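J.: The structure that follows is given in the form of structure tokens.
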Amino acid sequence: MTDKQHAECSDGEDLFGDYDSLLGDSSLLAKLEQADALASDQAPPPPPTEDFDSCREAKRPKVEENEARRSVSERLKTALRCNAAAPATAAVSRSAAAKEAALDSRVGDAAEAVRARADDLGPFFGLPGRVRELLFTLRGIPGLYAWQETCLRLECLAQRRNLIYTLPTSGGKTLVAELLMIRELLCRKNNCLFVLPYVALVQEKVRDLAALGLELDFLVEEYAGSRGRFPPVNRVGRRSLYVATIEKAHALVNALIEEESLGRVGLMVVDELHMLGEGSRGALLEITLAKVLRLGPGTQIIGMSATLGNIGDLQAFLKAENYHDDFRPVRLEEYVKVGDGIYQMDAREEDSFRLCRRLELKYSSAMLKADPDHVVALVTEVIPQHSCLVFCPTKKNCENVAVMICKYLRRDFLGHRRAEKEVLLQQLEECGRGSVCPVLRRTVPLGLAYHHSGLTADERKLLEDAYSAGVLCLISCTSTLAAGVNLPARRVIVRAPLVAREALKTSQYKQMAGRAGRAGLDRQGESILILQEAQRQQAKALLCAPVEKCYSRLLAEDHKSLHALILSLVGLKAASHVEHLEDFMRGTLLFVQREHAQVGVEDAVEDAVGRSVQLLQLKGLLHVREGELQVTPLGRAAYKGCVDVLYSEALHRDLQKGLEGLVLNSLLHLLFLVTPYELAAACKPDWMIFYTQMGSLSSKELKVFAAAGVPESLVARAAAGHSVSKNADVAAAKRAFLALVLLSLLKDGDVWGAAEKFQLSRGFVQSLLASSASFCSRAHYFTQELDSLWPYCSLLEALTRRLSYCVKAELVPLMEVAGVTEARAKQLHAAGYATLTHLANAEPTLLVQTVAHMSRKLAHQMVASAKMLLNEKAETLRQEADHLLAVPSDLPG
């Protein structure tokens, strides 16, 4: 101990009484041994092909040298034990003090040596060579591109400064982010947060990273939909990679701020950074980044995108440097088609169009009438040997194009990979409980399919996997596919410069065209934009104009995102006065873009903040006490549950009213309460179907609707085509209709059946289920903060679980695993893999043999995901046990 410590402690205190448990931690001893080896400069450098443990072992002194001079850790352990066992009255001799001083000095020097090499645990960009081996073994990646190596060696990364890097689609951006996160997890021992825009992308990334996490000893935790724990478990000795959607990332950051543990997140990576400019989700992303910048100064931020038009604004906002490269692993050739001519943009030509060739396929008059844009000619030049994506403006157009192409394909397309296409149809039938979409039943045998939000998630996944494997050679799809999953093609056809009825944006076109070219399979990719003669000028702007600028959405939609930001800042005690709020706003993208506002942004921000505070006070979410802003219990519930400020009053009112006569002999009452308000607002129910289904309800269930403002007479009038009273609560009626859909789903577990019964697309029905599960989870956190709503806490927790999976109870453990669908869970259960432990200990080769239609890759992914989930649950239980057994810090005496 130092002299200062001796002076401050009484003689009778046992300062080291609990050090045995600390020194029993092998990871701590390993670090001390490593520090000793580094300080003595006697450890040989780790071989490049050794794994992480081997690298650590290689830095330790030899056993003989340890016997000769004893390691730092042994000396420290002995010294601590001697101190603990020494009598309270024993004086510290001069020789002991000298030895202790020497030991302190050596430990300090070793620690400095460790800190000096904290980023250098191995030869692979500071990572162990084991990581390089795993990339090849698990991903088939033999090496990095030159730009990736350059980026990983940037000085700003070494100095932990923020970075934005931009490259074309398919350039390998994500791999760089993954290596940076692995380095943060292994070398700096910090947690990481990986933010992705869509649930499907989060689940895909969780599956991909699970095997790496198992090999390198870090946890991969999913935060999407209704999944995720708030606050996250603070794990001792284990680091976590949180993979989250934008919404869940915001909730996670709030929880970490409240726990004062945001500093444990060393790195935050944001994919598709251009999402900052897209609607309320963009505003939420801006809020999350602004909080991390202000309240987590030790957290490094990495943003990446393929399409950023105003990089300077984003650099100023994130205080980041920029790295840009035009690299594409496969060259992209961009064309436009007008009439039967294929053109390239060429500024040297008079009209900027240079004719490359004419289409050769001869069309009959009937064929030309059915396919005036020559789509069949364009696709048959590449399929079935190569893949093709056809982007269409609407969902209906996707289906029509797929059917139209099938009419004119040669019959020999049926023989191409026939057996695998038959298996795909069987899988589609299984996930549809015996039903297959008539369009898919017609197109799949020819190797074609469509892809849009009207399909269920299981159907989309099956089609995506079949396309990636080459079983399907063409998919007609909407623009969402370009921004969602990674499905490259030899040729991309953009059916029209439209998305629905809106003109196609340059950024959207770039994402679509960027899907052309499959690395490792093609030497080049082609994109063809189909135009009418009158659209030539539009094409010039689309192909040659810079990508649209990304503007802050913080004040959009009646400032609702600003309301949420202010409420959470006050609730998290990050601001207690209006001046604090205005100061925080100066760190937002909105403030950076002041030159784009119609008035001076500083004035506009002050005005907007003032009006927002007044509104929050009016809604009972904030109040002022002795000049200080404070959240009310309702305000705290709203921000803790991430409930929209505009709906918080209605939710509280509905939940309170529900307690007056809560009906629990049916799920209908609870389902009505957790039906999302925003989804109901966009719903257009079939009133006749609604009235018919109400006829099957019990008297108590009808009373639930009547008490909610939806009497049977209201629905009857609407079903008869009569106008309803102006005082009628149509919004509540729409929620009641959707609650009936949810009730049908939970009773039968059949998305197809519910879609047919209520005349809705099965994609919408599944989206309703997912949205309701998420809203139910938020309502659960909402009720936890309000004592008067305590009866809901357990009820909503159980209901969230049922809505999240909507399967029989015995399948729920398997459904928790990333990549397991209901049909797959049934197969696994029938094969004897009934629990998470069964699946985690399964042999992938045996899975392939015993479970029908199971690919080797999927088997390995599922086993790895199950192991990761099991590790996560076990770690949580260990943490809870340690917490229970720990001696309270405030123990009397």
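In the structure tokens, chains take the letters A, B, ... in the order shown, each chain's residues start at 1, and ligands count up from 1 in the order shown.
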Can you check which parts of range 357-436 of chain A lie within 12 Å of range 319-338 of chain A? Per residue, the shortest pair of atoms and distance in Å to one decimal, counting only C-alpha atoms, sorted by chain and number, as JSON lines.
T.:
{"residue": "A:Arg357", "atom": "CA", "partner": "A:Lys337", "partner_atom": "CA", "distance": 10.0}
{"residue": "A:Arg358", "atom": "CA", "partner": "A:Lys337", "partner_atom": "CA", "distance": 9.5}
{"residue": "A:Leu359", "atom": "CA", "partner": "A:Lys337", "partner_atom": "CA", "distance": 9.6}
{"residue": "A:Pro372", "atom": "CA", "partner": "A:Val338", "partner_atom": "CA", "distance": 11.0}
{"residue": "A:Asp373", "atom": "CA", "partner": "A:Val338", "partner_atom": "CA", "distance": 8.5}
{"residue": "A:His374", "atom": "CA", "partner": "A:Lys337", "partner_atom": "CA", "distance": 9.3}
{"residue": "A:Val375", "atom": "CA", "partner": "A:Lys337", "partner_atom": "CA", "distance": 10.3}
{"residue": "A:Ala377", "atom": "CA", "partner": "A:Lys337", "partner_atom": "CA", "distance": 11.7}
{"residue": "A:Leu378", "atom": "CA", "partner": "A:Lys337", "partner_atom": "CA", "distance": 9.8}
J.: Give me a file of those residues, with C-alpha atoms, as a short mmCIF file (atom, residue, chain, number, x, y, z; two decimals), in the first residue's frame.
T.:
data_model
loop_
_atom_site.label_atom_id
_atom_site.label_comp_id
_atom_site.auth_asym_id
_atom_site.auth_seq_id
_atom_site.Cartn_x
_atom_site.Cartn_y
_atom_site.Cartn_z
CA ARG A 357 -27.07 -1.77 -79.53
CA ARG A 358 -30.59 -2.78 -80.50
CA LEU A 359 -32.57 -5.56 -78.86
CA PRO A 372 -44.30 -2.90 -74.57
CA ASP A 373 -41.10 -2.24 -72.58
CA HIS A 374 -39.31 -5.40 -73.85
CA VAL A 375 -38.74 -6.72 -70.34
CA ALA A 377 -36.06 -9.55 -74.12
CA LEU A 378 -33.91 -7.95 -71.43
#
J.: Give me the residues near Cys151 in chain A as JSON, numbers by chain, where near means some atom within 12 Å (using only C-alpha atoms) and where sequence neighbours in that chain fewer than 3 positions away do not count.
T.: {"A": [125, 144, 145, 146, 147, 148, 154, 155, 156, 157, 158, 163, 164, 165, 166, 167, 172, 173, 175, 176, 177, 179, 180, 302, 321, 322, 323, 324, 325]}
J.: Near range 497-506 of chain A, counting only C-alpha atoms, which residues have an atom at most 6 Å away, once you skip same-chain residues fewer than 4 positions from it, shown as a PyMOL selection string?
T.: chain A and resi 393-394+542+547
J.: May I have the selected residues written with N, CA and C atoms, as a PDB file, in the first residue's frame?
T.:
ATOM      1  N   PRO A 393     -42.430  -0.315 -59.778  1.00  0.00           N
ATOM      2  CA  PRO A 393     -42.928   0.815 -58.972  1.00  0.00           C
ATOM      3  C   PRO A 393     -43.882   0.415 -57.852  1.00  0.00           C
ATOM      4  N   THR A 394     -44.708  -0.636 -58.070  1.00  0.00           N
ATOM      5  CA  THR A 394     -45.719  -1.003 -57.079  1.00  0.00           C
ATOM      6  C   THR A 394     -45.682  -2.506 -56.804  1.00  0.00           C
ATOM      7  N   LEU A 542     -31.263  11.922 -63.277  1.00  0.00           N
ATOM      8  CA  LEU A 542     -31.203  10.783 -62.378  1.00  0.00           C
ATOM      9  C   LEU A 542     -29.817  10.147 -62.363  1.00  0.00           C
ATOM     10  N   VAL A 547     -26.079  12.874 -55.460  1.00  0.00           N
ATOM     11  CA  VAL A 547     -27.064  12.272 -54.559  1.00  0.00           C
ATOM     12  C   VAL A 547     -27.716  13.372 -53.721  1.00  0.00           C
TER      13      VAL A 547
END
J.: Can you list every residue of range 706-734 of chain A that has an atom at most 12 Å from range 638-660 of chain A, with its nearest atom pair and the distance in Å to one decimal, using only C-alpha atoms, ordered by chain then number, as JSON lines?
T.:
{"residue": "A:Ala706", "atom": "CA", "partner": "A:Gly658", "partner_atom": "CA", "distance": 11.9}
{"residue": "A:Ala707", "atom": "CA", "partner": "A:Gly658", "partner_atom": "CA", "distance": 8.7}
{"residue": "A:Ala708", "atom": "CA", "partner": "A:Asp654", "partner_atom": "CA", "distance": 8.0}
{"residue": "A:Gly709", "atom": "CA", "partner": "A:Asp654", "partner_atom": "CA", "distance": 10.9}
{"residue": "A:Ala731", "atom": "CA", "partner": "A:Ala650", "partner_atom": "CA", "distance": 11.5}
{"residue": "A:Ala732", "atom": "CA", "partner": "A:Asp654", "partner_atom": "CA", "distance": 10.4}
J.: Taking the backbone alone, and naming residues the way the document does, which bits of range 460-627 of chain A are strand (DSSP E) by DSSP, as a ChimeraX atom specification?
T.: /A:474-477,491-494,498-499,502-503,524-531,622-625
J.: Residues as selected, C-alpha atoms, written as a short mmCIF file (atom, residue, chain, number, x, y, z; two decimals), in the first residue's frame, can you do that?
T.:
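Once everything was written out, this is again-v4.cif:
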data_model
loop_
_atom_site.label_atom_id
_atom_site.label_comp_id
_atom_site.auth_asym_id
_atom_site.auth_seq_id
_atom_site.Cartn_x
_atom_site.Cartn_y
_atom_site.Cartn_z
CA LEU A 474 -35.13 -13.75 -61.36
CA ILE A 475 -37.01 -11.73 -58.74
CA SER A 476 -39.35 -8.86 -59.51
CA CYS A 477 -39.34 -6.60 -56.49
CA ARG A 491 -28.30 -7.57 -64.38
CA VAL A 492 -30.61 -5.08 -62.65
CA ILE A 493 -33.61 -3.69 -64.54
CA VAL A 494 -35.38 -0.62 -63.21
CA LEU A 498 -40.92 5.79 -60.28
CA VAL A 499 -41.58 4.51 -56.76
CA GLU A 502 -43.36 9.48 -56.88
CA ALA A 503 -40.32 10.22 -59.03
CA GLN A 524 -19.15 -6.95 -64.45
CA GLY A 525 -22.70 -5.99 -63.58
CA GLU A 526 -25.27 -4.17 -65.69
CA SER A 527 -28.12 -1.88 -64.74
CA ILE A 528 -30.76 -0.88 -67.30
CA LEU A 529 -33.24 1.92 -66.64
CA ILE A 530 -36.36 1.66 -68.83
CA LEU A 531 -37.58 5.05 -70.10
CA LEU A 622 -43.47 18.01 -17.68
CA HIS A 623 -43.87 20.49 -14.85
CA VAL A 624 -41.74 23.33 -13.49
CA ARG A 625 -40.81 23.35 -9.82
#
J.: Could you pull the residues within 8 Å of range 829-840 of chain A, counting only C-alpha atoms, minus those fewer than 4 positions along the same chain, as JSON, numbers by chain?
T.: {"A": [810, 811, 813, 814, 817, 825, 850, 851, 862, 863, 864, 865, 866, 867, 870]}
J.: What's the 8 Å shell around range 772-779 of chain A, counting only C-alpha atoms, without same-chain residues fewer than 6 positions away, as a list in words?
T.: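 Contacts, with the query itself left out: Gly225, Ser226, Gly641, Cys642, Val643, Val674, Thr675, Pro676, Leu796, Glu797, Leu799, Thr800, Arg801, Leu803 and Ser804 of chain A.
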J.: Could you build a table of the residues in range 671-761 of chain A lying no more than 12 Å from range 451-457 of chain A, giving for each the nearest pair of atoms and their separation in Å rounded to one decimal place, using only C-alpha atoms, ordered by chain and ascending residue number, as a Markdown table?
T.:
| residue | atom | partner | partner_atom | distance |
| --- | --- | --- | --- | --- |
| A:Asp750 | CA | A:Thr456 | CA | 11.4 |
| A:Val751 | CA | A:Thr456 | CA | 8.3 |
| A:Trp752 | CA | A:Thr456 | CA | 9.2 |
| A:Ala755 | CA | A:Gly454 | CA | 10.6 |
| A:Leu760 | CA | A:Gly454 | CA | 9.3 |
| A:Ser761 | CA | A:Gly454 | CA | 5.7 |
J.: Keeping only N, CA, C and O atoms, write those residues as an mmCIF file, in the first residue's frame.
T.:
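The result, stored in again.cif:
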data_model
loop_
_atom_site.group_PDB
_atom_site.id
_atom_site.type_symbol
_atom_site.label_atom_id
_atom_site.label_comp_id
_atom_site.auth_asym_id
_atom_site.auth_seq_id
_atom_site.Cartn_x
_atom_site.Cartn_y
_atom_site.Cartn_z
ATOM 1 N N ASP A 750 -52.418 -18.810 -37.562
ATOM 2 C CA ASP A 750 -52.417 -18.989 -39.015
ATOM 3 C C ASP A 750 -52.519 -17.632 -39.703
ATOM 4 O O ASP A 750 -53.598 -17.022 -39.772
ATOM 5 N N VAL A 751 -51.396 -17.148 -40.209
ATOM 6 C CA VAL A 751 -51.383 -15.863 -40.910
ATOM 7 C C VAL A 751 -52.233 -15.924 -42.169
ATOM 8 O O VAL A 751 -52.997 -15.001 -42.477
ATOM 9 N N TRP A 752 -52.131 -17.024 -42.900
ATOM 10 C CA TRP A 752 -52.911 -17.175 -44.134
ATOM 11 C C TRP A 752 -54.410 -17.148 -43.845
ATOM 12 O O TRP A 752 -55.184 -16.498 -44.548
ATOM 13 N N ALA A 755 -55.532 -13.657 -42.870
ATOM 14 C CA ALA A 755 -55.527 -12.765 -44.039
ATOM 15 C C ALA A 755 -56.750 -12.995 -44.918
ATOM 16 O O ALA A 755 -57.387 -12.050 -45.394
ATOM 17 N N LEU A 760 -57.195 -9.190 -45.948
ATOM 18 C CA LEU A 760 -55.986 -8.385 -45.845
ATOM 19 C C LEU A 760 -54.830 -9.159 -46.460
ATOM 20 O O LEU A 760 -54.881 -10.389 -46.550
ATOM 21 N N SER A 761 -53.783 -8.447 -46.867
ATOM 22 C CA SER A 761 -52.607 -9.168 -47.367
ATOM 23 C C SER A 761 -51.922 -9.854 -46.195
ATOM 24 O O SER A 761 -51.919 -9.344 -45.072
#
J.: To one decimal place in Å, what is the distance between CA of Ala637 in chain A and CA of Leu786 in chain A?
T.: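 These atoms are spaced 6.8 Å apart.
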J.: Which residues in range 247-277 of chain A does DSSP call helix (DSSP H, G or I)? List them as a list in words.
T.: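 Residues meeting the helix (DSSP H, G or I) criterion: Glu247, Lys248, Ala249, His250, Ala251, Leu252, Val253, Asn254, Ala255, Leu256, Ile257, Glu258, Leu262, Gly263, Arg264, Leu273, His274, Met275, Leu276 and Gly277 of chain A.
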J.: Include N, CA and C atoms and write out the residues we just selected as a tab-separated table (two decimals), in the first residue's frame.
T.:
chain	number	residue	atom	x	y	z
A	247	GLU	N	-34.82	2.14	-33.53
A	247	GLU	CA	-35.70	2.35	-32.38
A	247	GLU	C	-35.12	1.72	-31.12
A	248	LYS	N	-34.63	0.50	-31.24
A	248	LYS	CA	-34.08	-0.19	-30.07
A	248	LYS	C	-32.76	0.43	-29.63
A	249	ALA	N	-31.98	0.92	-30.58
A	249	ALA	CA	-30.72	1.58	-30.22
A	249	ALA	C	-30.99	2.82	-29.38
A	250	HIS	N	-32.04	3.57	-29.72
A	250	HIS	CA	-32.39	4.76	-28.94
A	250	HIS	C	-32.80	4.37	-27.53
A	251	ALA	N	-33.63	3.35	-27.41
A	251	ALA	CA	-34.06	2.91	-26.08
A	251	ALA	C	-32.87	2.39	-25.26
A	252	LEU	N	-31.95	1.71	-25.94
A	252	LEU	CA	-30.77	1.16	-25.26
A	252	LEU	C	-29.87	2.28	-24.76
A	253	VAL	N	-29.65	3.30	-25.58
A	253	VAL	CA	-28.82	4.44	-25.17
A	253	VAL	C	-29.46	5.15	-23.98
A	254	ASN	N	-30.77	5.34	-24.01
A	254	ASN	CA	-31.47	5.95	-22.87
A	254	ASN	C	-31.24	5.15	-21.58
A	255	ALA	N	-31.36	3.82	-21.68
A	255	ALA	CA	-31.18	2.97	-20.50
A	255	ALA	C	-29.75	3.06	-19.97
A	256	LEU	N	-28.78	3.10	-20.88
A	256	LEU	CA	-27.38	3.19	-20.45
A	256	LEU	C	-27.08	4.54	-19.81
A	257	ILE	N	-27.67	5.61	-20.35
A	257	ILE	CA	-27.48	6.93	-19.75
A	257	ILE	C	-28.05	6.96	-18.34
A	258	GLU	N	-29.24	6.38	-18.18
A	258	GLU	CA	-29.87	6.37	-16.86
A	258	GLU	C	-29.07	5.56	-15.86
A	262	LEU	N	-23.09	4.46	-20.09
A	262	LEU	CA	-22.87	4.63	-21.53
A	262	LEU	C	-21.38	4.52	-21.86
A	263	GLY	N	-20.54	4.83	-20.89
A	263	GLY	CA	-19.10	4.73	-21.11
A	263	GLY	C	-18.61	3.33	-21.39
A	264	ARG	N	-19.44	2.32	-21.07
A	264	ARG	CA	-19.04	0.93	-21.35
A	264	ARG	C	-19.18	0.59	-22.83
A	273	LEU	N	-26.07	5.46	-42.97
A	273	LEU	CA	-26.12	6.72	-42.24
A	273	LEU	C	-27.05	7.73	-42.91
A	274	HIS	N	-27.30	7.55	-44.21
A	274	HIS	CA	-28.20	8.47	-44.92
A	274	HIS	C	-29.63	8.38	-44.39
A	275	MET	N	-29.93	7.37	-43.59
A	275	MET	CA	-31.26	7.27	-42.97
A	275	MET	C	-31.56	8.46	-42.07
A	276	LEU	N	-30.56	9.24	-41.72
A	276	LEU	CA	-30.77	10.45	-40.92
A	276	LEU	C	-31.80	11.38	-41.55
A	277	GLY	N	-31.90	11.35	-42.87
A	277	GLY	CA	-32.80	12.26	-43.55
A	277	GLY	C	-34.15	11.67	-43.90
J.: Which one of A:Leu308, A:Phe690, A:Glu872, A:Pro142 sits closest to Gln759 in chain A if you count only C-alpha atoms?
T.: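 Nearest candidate to Gln759 in chain A out of A:Leu308, A:Phe690, A:Glu872, A:Pro142: A:Phe690.
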J.: Nearest to Leu590 in chain A among A:Ala316, A:Leu621, A:Cys392, A:Ala516, with distances taken over only C-alpha atoms: which residue is it?
T.: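 Of the candidates, the smallest distance to Leu590 in chain A is held by A:Ala316.
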J.: At a cut-off of 8 Å, using only C-alpha atoms, what residues contact range 404-407 of chain A? Leave out same-chain residues fewer than 5 positions from it and give the result as a VMD selection string.
T.: chain A and resid 370 to 371 375 to 376 443 446 448
J.: A:Gly819, A:Trp687, A:Arg433, A:Asp340: which is nearest Lys362 in chain A, counting only C-alpha atoms?
T.: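 Answer, going by the shortest atom-to-atom distance: A:Asp340.
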